[in-house]
Amino acid sequence: MEKKMLFLCNQNSFMVTAIVNNLKKEGFDVEQLPPDVTELSHMEALPKVFLMYLDDDEEGKFRDSCVYLRDRLIEQPGEFLLYMIGTPEELERQYENIPREYVSSTFDRPINVKELVAKVSEDMEEEGKKERRNVILVVDDDPTMLNTLKAWLSDKYLTYMANSGMNAISLLARHKVDLILLDYEMPVVTGAKVLEMIRSESSTSDIPVMFLTAKGDREHVMEVLALKPVKYLLKTMPREEILEQIEEFFENKKKEEMGY
């Protein structure tokens with residue numbers, strides 16, 4: 001993971017300068033910007049790491065920046081790391097604009113700079129390890145199922161989530177994945193339709209797809225298998241069995257690539 005960081009702050013104070021200097025000593029490429037959503041939206045490519053120094057927000061610029069970053073984080077889950085520095089009151093105020101779960105870590109002011117640098121470096125090292133993992137996209141309109149599968153898979157795999165077929169197609173246009181777990185019974189754009197769209201594009205046609213289905217009767221299973229997924233997984237399967245099926249798939253794929 002590239003050590004590029006966007007540092008959003010209102011003024012170049014002594015503390016801001018100290019933070020930037022310490023980050024640069026650790027090899028970070030730090031770009032400073034005011035919390036201006038217009039400037040953010042005009043950036044050609046956003047870095048993977050954001051740091052916000054919440055000091056003076058009378059004009060609501062941090063609020064607007066948080067909303068902008070929240071939308072990016074929802075569109076591209078797991079793609080960015082976001083850190084915030086502020087007083088408890090300032091941090092609490094921004095949680096109205098960006099949910100806590102999207103914030104990697106927070107630091108109270110006055111800030112311990114060494115603690116901040118150590119935490120960001122540790123997180124980026126961990127993210128670098130994740131980038132070498134197999135990548136799985138989970139597509140399901142049920143948020144509970146999405147979150148459950150992410151919790152089960154994230155220890156071993158880099159996991160993206162999409163809550164609809166069209167969101168999945170949009171995500172696949174930006175990211176390479178090694179396996180798709182696709183809900184068969186989605187409304188509006190069904191799993192079968194999503195699979196058709198995936199196979200119709202040369203850039204995605206070779207991505208293996210496993211269907212997720214809540215129905216296990218013979219007629220339904222035959223209907224699913226007719227679409228020739230690499231496997232189908234019943235949502236009622238226990239955690240261990242689902243993980244075993246996925247691990248077996250990647251092991252077999254590795255053997256094939258090695259000519260075994």
# chains A, B, ... in the order shown; residues from 1 in each chain; ligands from 1
>>> closest_atom_pairs(of="stretch 100-216 of chain A", to="stretch 24-43 of chain A", cutoff="12 Å", atoms="only C-alpha atoms", output="CSV")
residue,atom,partner,partner_atom,distance
A:Lys114,CA,A:Glu26,CA,10.5
A:Leu116,CA,A:Glu26,CA,11.5
A:Val117,CA,A:Glu26,CA,7.8
A:Ala118,CA,A:Glu26,CA,9.1
A:Lys119,CA,A:Glu26,CA,11.8
A:Val120,CA,A:Phe28,CA,9.9
A:Ser121,CA,A:Glu26,CA,8.0
A:Glu122,CA,A:Glu26,CA,11.4
A:Met124,CA,A:Phe28,CA,10.6
>>> residues_around(residues="A:Asp56", least_positions_apart="3", cutoff="9 Å", atoms="only C-alpha atoms", output="ChimeraX atom specification")
/A:9-11,59-60,62
>>> write_last_selection(atoms="N, CA and C atoms", output="PDB file, in the first residue's frame")
ATOM      1  N   CYS A   9      -6.560  20.217   7.068  1.00  0.00           N
ATOM      2  CA  CYS A   9      -6.433  21.069   8.251  1.00  0.00           C
ATOM      3  C   CYS A   9      -6.662  22.518   7.845  1.00  0.00           C
ATOM      4  N   ASN A  10      -7.164  23.325   8.793  1.00  0.00           N
ATOM      5  CA  ASN A  10      -7.482  24.719   8.495  1.00  0.00           C
ATOM      6  C   ASN A  10      -6.271  25.625   8.465  1.00  0.00           C
ATOM      7  N   GLN A  11      -5.294  25.354   9.308  1.00  0.00           N
ATOM      8  CA  GLN A  11      -4.143  26.254   9.380  1.00  0.00           C
ATOM      9  C   GLN A  11      -2.863  25.481   9.644  1.00  0.00           C
ATOM     10  N   GLU A  59     -17.436  27.457   9.608  1.00  0.00           N
ATOM     11  CA  GLU A  59     -18.089  27.506   8.289  1.00  0.00           C
ATOM     12  C   GLU A  59     -18.602  26.136   7.844  1.00  0.00           C
ATOM     13  N   GLY A  60     -18.408  25.113   8.668  1.00  0.00           N
ATOM     14  CA  GLY A  60     -18.920  23.786   8.336  1.00  0.00           C
ATOM     15  C   GLY A  60     -18.140  23.059   7.261  1.00  0.00           C
ATOM     16  N   PHE A  62     -15.414  21.117   7.584  1.00  0.00           N
ATOM     17  CA  PHE A  62     -15.136  19.729   7.962  1.00  0.00           C
ATOM     18  C   PHE A  62     -16.399  18.884   7.840  1.00  0.00           C
TER      19      PHE A  62
END
>>> residues_around(residues="A:Arg174", least_positions_apart="5", cutoff="12 Å", atoms="only C-alpha atoms", output="number ranges by chain")
A: 75-76, 79, 160, 167-169, 203-204
>>> residues_around(residues="A:Lys228", least_positions_apart="3", cutoff="12 Å", atoms="only C-alpha atoms", output="PyMOL selection string")
chain A and resi 192+195-196+199+208-211+221-225+231-232
>>> write_last_selection(atoms="all heavy atoms", output="short mmCIF file (atom, residue, chain, number, x, y, z; two decimals), in the first residue's frame")
data_model
loop_
_atom_site.label_atom_id
_atom_site.label_comp_id
_atom_site.auth_asym_id
_atom_site.auth_seq_id
_atom_site.Cartn_x
_atom_site.Cartn_y
_atom_site.Cartn_z
N ALA A 192 -29.29 -13.99 -11.14
CA ALA A 192 -29.13 -14.54 -12.49
C ALA A 192 -28.82 -13.44 -13.49
O ALA A 192 -27.97 -13.60 -14.38
CB ALA A 192 -30.41 -15.28 -12.90
N LEU A 195 -25.25 -12.21 -12.98
CA LEU A 195 -24.30 -13.17 -13.57
C LEU A 195 -24.23 -12.99 -15.08
O LEU A 195 -23.15 -13.04 -15.68
CB LEU A 195 -24.72 -14.59 -13.23
CG LEU A 195 -23.82 -15.70 -13.78
CD1 LEU A 195 -22.41 -15.58 -13.21
CD2 LEU A 195 -24.40 -17.08 -13.48
N GLU A 196 -25.37 -12.77 -15.70
CA GLU A 196 -25.41 -12.54 -17.15
C GLU A 196 -24.59 -11.31 -17.53
O GLU A 196 -23.82 -11.33 -18.50
CB GLU A 196 -26.86 -12.36 -17.60
CG GLU A 196 -27.03 -12.14 -19.10
CD GLU A 196 -28.48 -11.87 -19.48
OE1 GLU A 196 -29.38 -12.33 -18.75
OE2 GLU A 196 -28.69 -11.17 -20.49
N ARG A 199 -20.81 -12.02 -17.15
CA ARG A 199 -20.28 -12.86 -18.22
C ARG A 199 -20.28 -12.18 -19.58
O ARG A 199 -19.59 -12.63 -20.50
CB ARG A 199 -21.07 -14.17 -18.26
CG ARG A 199 -20.77 -15.09 -17.08
CD ARG A 199 -21.60 -16.33 -17.10
NE ARG A 199 -21.18 -17.28 -16.06
CZ ARG A 199 -21.85 -18.39 -15.72
NH1 ARG A 199 -22.99 -18.68 -16.36
NH2 ARG A 199 -21.41 -19.18 -14.77
N PRO A 208 -14.84 -16.18 -11.22
CA PRO A 208 -15.67 -17.27 -10.70
C PRO A 208 -16.80 -16.72 -9.81
O PRO A 208 -16.58 -15.76 -9.05
CB PRO A 208 -14.69 -18.12 -9.87
CG PRO A 208 -13.33 -17.67 -10.29
CD PRO A 208 -13.45 -16.25 -10.72
N VAL A 209 -17.96 -17.32 -9.92
CA VAL A 209 -19.12 -16.89 -9.13
C VAL A 209 -19.70 -18.07 -8.37
O VAL A 209 -19.94 -19.13 -8.96
CB VAL A 209 -20.21 -16.27 -10.05
CG1 VAL A 209 -21.47 -15.97 -9.24
CG2 VAL A 209 -19.70 -15.00 -10.73
N MET A 210 -19.92 -17.88 -7.08
CA MET A 210 -20.66 -18.83 -6.25
C MET A 210 -21.98 -18.17 -5.88
O MET A 210 -21.99 -17.03 -5.42
CB MET A 210 -19.90 -19.16 -4.96
CG MET A 210 -18.66 -19.97 -5.12
SD MET A 210 -18.00 -20.40 -3.47
CE MET A 210 -16.45 -21.17 -3.94
N PHE A 211 -23.06 -18.89 -6.10
CA PHE A 211 -24.35 -18.34 -5.71
C PHE A 211 -24.62 -18.58 -4.23
O PHE A 211 -24.28 -19.65 -3.68
CB PHE A 211 -25.49 -18.98 -6.52
CG PHE A 211 -25.77 -18.27 -7.82
CD1 PHE A 211 -25.77 -18.96 -9.02
CD2 PHE A 211 -26.06 -16.91 -7.84
CE1 PHE A 211 -26.03 -18.33 -10.21
CE2 PHE A 211 -26.31 -16.26 -9.03
CZ PHE A 211 -26.31 -16.97 -10.22
N VAL A 221 -32.48 -25.78 -6.51
CA VAL A 221 -31.05 -26.07 -6.68
C VAL A 221 -30.74 -26.34 -8.15
O VAL A 221 -29.73 -25.86 -8.68
CB VAL A 221 -30.62 -27.26 -5.80
CG1 VAL A 221 -29.22 -27.74 -6.18
CG2 VAL A 221 -30.65 -26.85 -4.32
N MET A 222 -31.61 -27.10 -8.82
CA MET A 222 -31.40 -27.40 -10.24
C MET A 222 -31.46 -26.12 -11.07
O MET A 222 -30.71 -25.94 -12.04
CB MET A 222 -32.44 -28.40 -10.74
CG MET A 222 -32.32 -29.79 -10.10
SD MET A 222 -30.68 -30.53 -10.32
CE MET A 222 -30.67 -30.80 -12.09
N GLU A 223 -32.34 -25.20 -10.68
CA GLU A 223 -32.46 -23.91 -11.37
C GLU A 223 -31.17 -23.10 -11.23
O GLU A 223 -30.70 -22.50 -12.19
CB GLU A 223 -33.64 -23.14 -10.76
CG GLU A 223 -33.90 -21.78 -11.35
CD GLU A 223 -35.03 -21.06 -10.63
OE1 GLU A 223 -36.09 -21.69 -10.41
OE2 GLU A 223 -34.84 -19.88 -10.28
N VAL A 224 -30.59 -23.13 -10.02
CA VAL A 224 -29.33 -22.42 -9.77
C VAL A 224 -28.19 -23.05 -10.55
O VAL A 224 -27.40 -22.37 -11.22
CB VAL A 224 -29.01 -22.40 -8.26
CG1 VAL A 224 -27.61 -21.86 -8.01
CG2 VAL A 224 -30.04 -21.58 -7.50
N LEU A 225 -28.09 -24.38 -10.50
CA LEU A 225 -26.99 -25.09 -11.15
C LEU A 225 -27.02 -24.96 -12.67
O LEU A 225 -25.98 -25.05 -13.32
CB LEU A 225 -27.01 -26.57 -10.76
CG LEU A 225 -26.65 -26.87 -9.30
CD1 LEU A 225 -26.80 -28.37 -9.02
CD2 LEU A 225 -25.23 -26.40 -8.98
N LYS A 231 -19.98 -22.95 -7.73
CA LYS A 231 -20.62 -23.65 -6.61
C LYS A 231 -21.86 -22.86 -6.21
O LYS A 231 -22.05 -21.73 -6.64
CB LYS A 231 -19.68 -23.72 -5.39
CG LYS A 231 -18.60 -24.79 -5.45
CD LYS A 231 -17.85 -24.89 -4.13
CE LYS A 231 -16.80 -26.00 -4.23
NZ LYS A 231 -16.09 -26.18 -2.95
N TYR A 232 -22.67 -23.47 -5.36
CA TYR A 232 -23.71 -22.70 -4.69
C TYR A 232 -23.60 -22.99 -3.20
O TYR A 232 -23.23 -24.10 -2.78
CB TYR A 232 -25.12 -23.04 -5.23
CG TYR A 232 -25.66 -24.37 -4.77
CD1 TYR A 232 -26.45 -24.46 -3.62
CD2 TYR A 232 -25.40 -25.54 -5.48
CE1 TYR A 232 -26.95 -25.69 -3.19
CE2 TYR A 232 -25.88 -26.76 -5.07
CZ TYR A 232 -26.66 -26.82 -3.92
OH TYR A 232 -27.15 -28.03 -3.50
#
>>> select_by_dssp(residues="stretch 86-223 of chain A", states="helix (DSSP H, G or I)", output="number ranges by chain")
A: 88-94, 100-102, 113-131, 143-153, 165-172, 191-200, 218-223
>>> residues_around(residues="stretch 180-190 of chain A", least_positions_apart="5", cutoff="6 Å", atoms="only C-alpha atoms", output="number ranges by chain")
A: 136-140, 165, 209-213
>>> write_last_selection(atoms="all heavy atoms", output="compact mmCIF listing (two decimals), in the first residue's frame")
# COMPACT_ATOMS: atom_id res chain seq x y z
N ILE A 136 -12.51 -11.10 -2.41
CA ILE A 136 -13.87 -11.62 -2.59
C ILE A 136 -14.86 -10.47 -2.57
O ILE A 136 -14.80 -9.59 -1.71
CB ILE A 136 -14.22 -12.63 -1.47
CG1 ILE A 136 -13.28 -13.84 -1.52
CG2 ILE A 136 -15.68 -13.08 -1.60
CD1 ILE A 136 -13.52 -14.85 -0.40
N LEU A 137 -15.77 -10.48 -3.52
CA LEU A 137 -16.89 -9.53 -3.54
C LEU A 137 -18.15 -10.27 -3.09
O LEU A 137 -18.52 -11.28 -3.69
CB LEU A 137 -17.09 -8.96 -4.94
CG LEU A 137 -18.39 -8.17 -5.18
CD1 LEU A 137 -18.47 -6.94 -4.27
CD2 LEU A 137 -18.51 -7.76 -6.65
N VAL A 138 -18.79 -9.77 -2.05
CA VAL A 138 -20.05 -10.34 -1.56
C VAL A 138 -21.18 -9.43 -2.01
O VAL A 138 -21.17 -8.23 -1.74
CB VAL A 138 -20.07 -10.47 -0.02
CG1 VAL A 138 -21.36 -11.13 0.43
CG2 VAL A 138 -18.86 -11.26 0.46
N VAL A 139 -22.17 -10.00 -2.70
CA VAL A 139 -23.30 -9.22 -3.22
C VAL A 139 -24.58 -9.76 -2.61
O VAL A 139 -24.95 -10.92 -2.84
CB VAL A 139 -23.38 -9.31 -4.76
CG1 VAL A 139 -24.44 -8.33 -5.28
CG2 VAL A 139 -22.02 -9.06 -5.40
N ASP A 140 -25.26 -8.93 -1.82
CA ASP A 140 -26.49 -9.37 -1.16
C ASP A 140 -27.28 -8.14 -0.75
O ASP A 140 -26.68 -7.16 -0.26
CB ASP A 140 -26.16 -10.23 0.07
CG ASP A 140 -27.32 -11.12 0.50
OD1 ASP A 140 -28.43 -10.56 0.69
OD2 ASP A 140 -27.14 -12.33 0.64
N GLY A 165 -27.18 -5.57 -7.27
CA GLY A 165 -26.49 -6.02 -8.47
C GLY A 165 -25.79 -4.90 -9.19
O GLY A 165 -24.66 -5.04 -9.65
N VAL A 209 -17.96 -17.32 -9.92
CA VAL A 209 -19.12 -16.89 -9.13
C VAL A 209 -19.70 -18.07 -8.37
O VAL A 209 -19.94 -19.13 -8.96
CB VAL A 209 -20.21 -16.27 -10.05
CG1 VAL A 209 -21.47 -15.97 -9.24
CG2 VAL A 209 -19.70 -15.00 -10.73
N MET A 210 -19.92 -17.88 -7.08
CA MET A 210 -20.66 -18.83 -6.25
C MET A 210 -21.98 -18.17 -5.88
O MET A 210 -21.99 -17.03 -5.42
CB MET A 210 -19.90 -19.16 -4.96
CG MET A 210 -18.66 -19.97 -5.12
SD MET A 210 -18.00 -20.40 -3.47
CE MET A 210 -16.45 -21.17 -3.94
N PHE A 211 -23.06 -18.89 -6.10
CA PHE A 211 -24.35 -18.34 -5.71
C PHE A 211 -24.62 -18.58 -4.23
O PHE A 211 -24.28 -19.65 -3.68
CB PHE A 211 -25.49 -18.98 -6.52
CG PHE A 211 -25.77 -18.27 -7.82
CD1 PHE A 211 -25.77 -18.96 -9.02
CD2 PHE A 211 -26.06 -16.91 -7.84
CE1 PHE A 211 -26.03 -18.33 -10.21
CE2 PHE A 211 -26.31 -16.26 -9.03
CZ PHE A 211 -26.31 -16.97 -10.22
N LEU A 212 -25.22 -17.59 -3.60
CA LEU A 212 -25.74 -17.72 -2.24
C LEU A 212 -27.25 -17.86 -2.35
O LEU A 212 -27.90 -17.04 -3.01
CB LEU A 212 -25.42 -16.46 -1.42
CG LEU A 212 -23.95 -16.15 -1.17
CD1 LEU A 212 -23.80 -14.72 -0.65
CD2 LEU A 212 -23.36 -17.14 -0.17
N THR A 213 -27.82 -18.88 -1.76
CA THR A 213 -29.26 -19.07 -1.85
C THR A 213 -29.82 -19.53 -0.51
O THR A 213 -29.17 -20.25 0.24
CB THR A 213 -29.62 -20.09 -2.96
OG1 THR A 213 -31.03 -20.30 -2.96
CG2 THR A 213 -28.91 -21.42 -2.74
>>> closest_residue(among="A:Lys48, A:Val230, A:Lys254, A:Pro110", to="A:Gly128", atoms="only C-alpha atoms")
A:Lys48
>>> closest_residue(among="A:Ala214, A:Leu158, A:Val103, A:Leu146", to="A:Met237", atoms="only C-alpha atoms")
A:Ala214
